[in-house]
Amino acid sequence: MLYTFDIFDTLLTRRFYNHLGIFAYMQHVLRREYEAYGVPGDFARDFFTIRKYADTEAHTYLGREAAFTEIYDFICMYSGIGRDAAQKLMKLEIAAEVEFCEPIFENITLAERYLDEGHAVAMLSDMYH
């Protein structure tokens with residue numbers, strides 16, 4: 001028998017209520033360190049709104065779920081920041097996702113039990129591709 005587990009929100013969770021918490025955290029970081037990321041102060045102050053807007057607009061424009069890099073392409077178009085800054089922001093977002101991930105031990109234990117019983121276990125993700 002094959003058992004599948006979604007990685008995010010089944011095996012791992014964020015220490016935030018939802019994914020928007022990452023954007024709020026990033027805005028907090030950018031407000032203090034915007035020059036290091038190569039973005040203007042007004043961009044840093046509005047990052048949460050810009051990031052959320054770019055996600056929605058990329059999805060609408062493409063007619064499908066947008067890839068992570070495509071969302072940042074929209075941020076570049078919408079805000080005028082350069083690719084270097086966008087690369088730094090993507091690294092910050094990935095680092096924040098890793099920093100704020102926590103295991104859901106109950107579900108991990110279940111997956112391990114299935115493996116111990118000889119079943120096949122696959123992990124899936126609907127995150128950015």
# chains A, B, ... in the order shown; residues from 1 in each chain; ligands from 1
$ select_by_dssp --residues "chain A" --states "strand (DSSP E)" --output "NGL selection string"
:A and (2-6 or 12-14 or 101-103 or 120-124)
$ closest_atom_pairs --of "range 42-72 of chain A" --to "range 25-38 of chain A" --cutoff "9 Å" --atoms "only C-alpha atoms" --output "JSON lines"
{"residue": "A:Asp42", "atom": "CA", "partner": "A:Arg31", "partner_atom": "CA", "distance": 8.8}
{"residue": "A:Phe43", "atom": "CA", "partner": "A:Tyr34", "partner_atom": "CA", "distance": 8.4}
{"residue": "A:Ala44", "atom": "CA", "partner": "A:Leu30", "partner_atom": "CA", "distance": 5.1}
{"residue": "A:Arg45", "atom": "CA", "partner": "A:Arg31", "partner_atom": "CA", "distance": 5.9}
{"residue": "A:Asp46", "atom": "CA", "partner": "A:Gln27", "partner_atom": "CA", "distance": 7.3}
{"residue": "A:Phe47", "atom": "CA", "partner": "A:Gln27", "partner_atom": "CA", "distance": 5.3}
{"residue": "A:Phe48", "atom": "CA", "partner": "A:Gln27", "partner_atom": "CA", "distance": 5.9}
$ atom_distance --atom1 "CA of Ile94 in chain A" --atom2 "CA of Gly80 in chain A"
21.6 Å
$ residues_around --residues "range 103-120 of chain A" --least-positions-apart "3" --cutoff "8 Å" --atoms "only C-alpha atoms" --output "PyMOL selection string"
chain A and resi 1-3+5+10-13
$ write_last_selection --atoms "all heavy atoms" --output "PDB file, in the first residue's frame"
ATOM      1  N   MET A   1       0.837  -1.172   0.000  1.00  0.00           N
ATOM      2  CA  MET A   1       0.000   0.000   0.000  1.00  0.00           C
ATOM      3  C   MET A   1       0.889   1.245   0.000  1.00  0.00           C
ATOM      4  O   MET A   1       1.915   1.259   0.654  1.00  0.00           O
ATOM      5  CB  MET A   1      -0.910  -0.035   1.223  1.00  0.00           C
ATOM      6  CG  MET A   1      -1.585   1.267   1.436  1.00  0.00           C
ATOM      7  SD  MET A   1      -3.256   1.296   1.826  1.00  0.00           S
ATOM      8  CE  MET A   1      -4.438   0.888   0.878  1.00  0.00           C
ATOM      9  N   LEU A   2       0.456   2.263  -0.722  1.00  0.00           N
ATOM     10  CA  LEU A   2       1.164   3.543  -0.776  1.00  0.00           C
ATOM     11  C   LEU A   2       0.413   4.572   0.059  1.00  0.00           C
ATOM     12  O   LEU A   2      -0.789   4.762  -0.117  1.00  0.00           O
ATOM     13  CB  LEU A   2       1.275   4.029  -2.228  1.00  0.00           C
ATOM     14  CG  LEU A   2       1.800   5.452  -2.414  1.00  0.00           C
ATOM     15  CD1 LEU A   2       3.267   5.556  -1.960  1.00  0.00           C
ATOM     16  CD2 LEU A   2       1.652   5.887  -3.866  1.00  0.00           C
ATOM     17  N   TYR A   3       1.132   5.223   0.951  1.00  0.00           N
ATOM     18  CA  TYR A   3       0.586   6.328   1.739  1.00  0.00           C
ATOM     19  C   TYR A   3       1.297   7.604   1.300  1.00  0.00           C
ATOM     20  O   TYR A   3       2.517   7.618   1.137  1.00  0.00           O
ATOM     21  CB  TYR A   3       0.812   6.102   3.233  1.00  0.00           C
ATOM     22  CG  TYR A   3      -0.008   4.965   3.789  1.00  0.00           C
ATOM     23  CD1 TYR A   3       0.528   3.689   3.872  1.00  0.00           C
ATOM     24  CD2 TYR A   3      -1.302   5.190   4.218  1.00  0.00           C
ATOM     25  CE1 TYR A   3      -0.224   2.638   4.386  1.00  0.00           C
ATOM     26  CE2 TYR A   3      -2.065   4.142   4.730  1.00  0.00           C
ATOM     27  CZ  TYR A   3      -1.519   2.882   4.813  1.00  0.00           C
ATOM     28  OH  TYR A   3      -2.272   1.844   5.315  1.00  0.00           O
ATOM     29  N   PHE A   5       1.837  11.834   1.950  1.00  0.00           N
ATOM     30  CA  PHE A   5       1.752  12.913   2.926  1.00  0.00           C
ATOM     31  C   PHE A   5       2.157  14.222   2.253  1.00  0.00           C
ATOM     32  O   PHE A   5       3.202  14.287   1.605  1.00  0.00           O
ATOM     33  CB  PHE A   5       2.708  12.663   4.101  1.00  0.00           C
ATOM     34  CG  PHE A   5       2.319  11.525   4.980  1.00  0.00           C
ATOM     35  CD1 PHE A   5       2.680  10.224   4.663  1.00  0.00           C
ATOM     36  CD2 PHE A   5       1.576  11.750   6.134  1.00  0.00           C
ATOM     37  CE1 PHE A   5       2.322   9.165   5.478  1.00  0.00           C
ATOM     38  CE2 PHE A   5       1.213  10.694   6.952  1.00  0.00           C
ATOM     39  CZ  PHE A   5       1.585   9.395   6.625  1.00  0.00           C
ATOM     40  N   THR A  10       1.166  19.215   6.831  1.00  0.00           N
ATOM     41  CA  THR A  10       0.893  17.853   7.283  1.00  0.00           C
ATOM     42  C   THR A  10       2.094  17.309   8.048  1.00  0.00           C
ATOM     43  O   THR A  10       1.950  16.828   9.167  1.00  0.00           O
ATOM     44  CB  THR A  10       0.554  16.928   6.093  1.00  0.00           C
ATOM     45  OG1 THR A  10      -0.579  17.467   5.401  1.00  0.00           O
ATOM     46  CG2 THR A  10       0.233  15.525   6.572  1.00  0.00           C
ATOM     47  N   LEU A  11       3.273  17.403   7.449  1.00  0.00           N
ATOM     48  CA  LEU A  11       4.492  16.959   8.137  1.00  0.00           C
ATOM     49  C   LEU A  11       5.257  18.120   8.762  1.00  0.00           C
ATOM     50  O   LEU A  11       5.951  17.944   9.754  1.00  0.00           O
ATOM     51  CB  LEU A  11       5.399  16.193   7.170  1.00  0.00           C
ATOM     52  CG  LEU A  11       4.807  14.913   6.583  1.00  0.00           C
ATOM     53  CD1 LEU A  11       5.760  14.304   5.560  1.00  0.00           C
ATOM     54  CD2 LEU A  11       4.480  13.909   7.677  1.00  0.00           C
ATOM     55  N   LEU A  12       5.136  19.279   8.151  1.00  0.00           N
ATOM     56  CA  LEU A  12       5.787  20.497   8.667  1.00  0.00           C
ATOM     57  C   LEU A  12       4.757  21.609   8.738  1.00  0.00           C
ATOM     58  O   LEU A  12       3.828  21.658   7.931  1.00  0.00           O
ATOM     59  CB  LEU A  12       6.914  20.953   7.728  1.00  0.00           C
ATOM     60  CG  LEU A  12       8.090  20.017   7.526  1.00  0.00           C
ATOM     61  CD1 LEU A  12       9.013  20.565   6.448  1.00  0.00           C
ATOM     62  CD2 LEU A  12       8.852  19.822   8.828  1.00  0.00           C
ATOM     63  N   THR A  13       4.957  22.503   9.676  1.00  0.00           N
ATOM     64  CA  THR A  13       4.093  23.672   9.781  1.00  0.00           C
ATOM     65  C   THR A  13       4.954  24.900  10.035  1.00  0.00           C
ATOM     66  O   THR A  13       6.121  24.791  10.405  1.00  0.00           O
ATOM     67  CB  THR A  13       3.045  23.499  10.904  1.00  0.00           C
ATOM     68  OG1 THR A  13       2.087  24.559  10.804  1.00  0.00           O
ATOM     69  CG2 THR A  13       3.680  23.486  12.282  1.00  0.00           C
TER      70      THR A  13
END
$ residues_around --residues "Asn18 in chain A" --least-positions-apart "5" --cutoff "12 Å" --atoms "only C-alpha atoms" --output "PyMOL selection string"
chain A and resi 8-9+13+23-25+97+100-101
$ write_last_selection --atoms "N, CA, C and O atoms" --output "PDB file, in the first residue's frame"
ATOM      1  N   PHE A   8       3.981  20.248   3.569  1.00  0.00           N
ATOM      2  CA  PHE A   8       3.641  21.454   4.324  1.00  0.00           C
ATOM      3  C   PHE A   8       2.215  21.380   4.842  1.00  0.00           C
ATOM      4  O   PHE A   8       1.295  21.039   4.109  1.00  0.00           O
ATOM      5  N   ASP A   9       2.071  21.673   6.087  1.00  0.00           N
ATOM      6  CA  ASP A   9       0.816  21.654   6.836  1.00  0.00           C
ATOM      7  C   ASP A   9       0.365  20.239   7.196  1.00  0.00           C
ATOM      8  O   ASP A   9      -0.692  20.067   7.780  1.00  0.00           O
ATOM      9  N   THR A  13       4.957  22.503   9.676  1.00  0.00           N
ATOM     10  CA  THR A  13       4.093  23.672   9.781  1.00  0.00           C
ATOM     11  C   THR A  13       4.954  24.900  10.035  1.00  0.00           C
ATOM     12  O   THR A  13       6.121  24.791  10.405  1.00  0.00           O
ATOM     13  N   PHE A  23       5.561  36.972   5.056  1.00  0.00           N
ATOM     14  CA  PHE A  23       5.648  38.288   4.403  1.00  0.00           C
ATOM     15  C   PHE A  23       5.756  39.400   5.447  1.00  0.00           C
ATOM     16  O   PHE A  23       6.509  40.359   5.268  1.00  0.00           O
ATOM     17  N   ALA A  24       5.002  39.277   6.534  1.00  0.00           N
ATOM     18  CA  ALA A  24       5.068  40.275   7.604  1.00  0.00           C
ATOM     19  C   ALA A  24       6.453  40.266   8.253  1.00  0.00           C
ATOM     20  O   ALA A  24       7.022  41.331   8.538  1.00  0.00           O
ATOM     21  N   TYR A  25       6.991  39.074   8.485  1.00  0.00           N
ATOM     22  CA  TYR A  25       8.340  38.969   9.040  1.00  0.00           C
ATOM     23  C   TYR A  25       9.354  39.622   8.104  1.00  0.00           C
ATOM     24  O   TYR A  25      10.221  40.377   8.539  1.00  0.00           O
ATOM     25  N   GLU A  97      11.323  30.802   5.571  1.00  0.00           N
ATOM     26  CA  GLU A  97      10.500  29.582   5.555  1.00  0.00           C
ATOM     27  C   GLU A  97      11.187  28.466   6.340  1.00  0.00           C
ATOM     28  O   GLU A  97      10.545  27.764   7.124  1.00  0.00           O
ATOM     29  N   PHE A 100      11.284  29.223  10.231  1.00  0.00           N
ATOM     30  CA  PHE A 100      10.016  29.174  10.945  1.00  0.00           C
ATOM     31  C   PHE A 100       9.228  27.884  10.721  1.00  0.00           C
ATOM     32  O   PHE A 100       8.057  27.805  11.071  1.00  0.00           O
ATOM     33  N   CYS A 101       9.880  26.864  10.164  1.00  0.00           N
ATOM     34  CA  CYS A 101       9.246  25.550   9.998  1.00  0.00           C
ATOM     35  C   CYS A 101       9.430  24.725  11.270  1.00  0.00           C
ATOM     36  O   CYS A 101      10.481  24.771  11.899  1.00  0.00           O
TER      37      CYS A 101
END
$ residues_around --residues "range 56-73 of chain A" --least-positions-apart "5" --cutoff "12 Å" --atoms "only C-alpha atoms" --output "list in words"
Phe47, Thr49, Ile50, Arg51, Tyr78, Ser79, Gly80, Ile81, Gly82, Arg83, Asp84, Ala85, Ala86, Gln87, Lys88, Leu89, Met90, Lys91, Glu93, Ile94, Asp126, Met127, Tyr128 and His129 of chain A
$ select_by_dssp --residues "range 63-117 of chain A" --states "helix (DSSP H, G or I)" --output "PyMOL selection string"
chain A and resi 68-79+83-99+105-116
$ atom_distance --atom1 "CA of Glu99 in chain A" --atom2 "CA of Phe74 in chain A"
25.1 Å
$ atom_distance --atom1 "CA of Ile75 in chain A" --atom2 "CA of Leu92 in chain A"
14.7 Å
$ closest_residue --among "A:Lys52, A:Glu102, A:Ser125, A:Met77" --to "Leu20 in chain A" --atoms "only C-alpha atoms"
A:Lys52
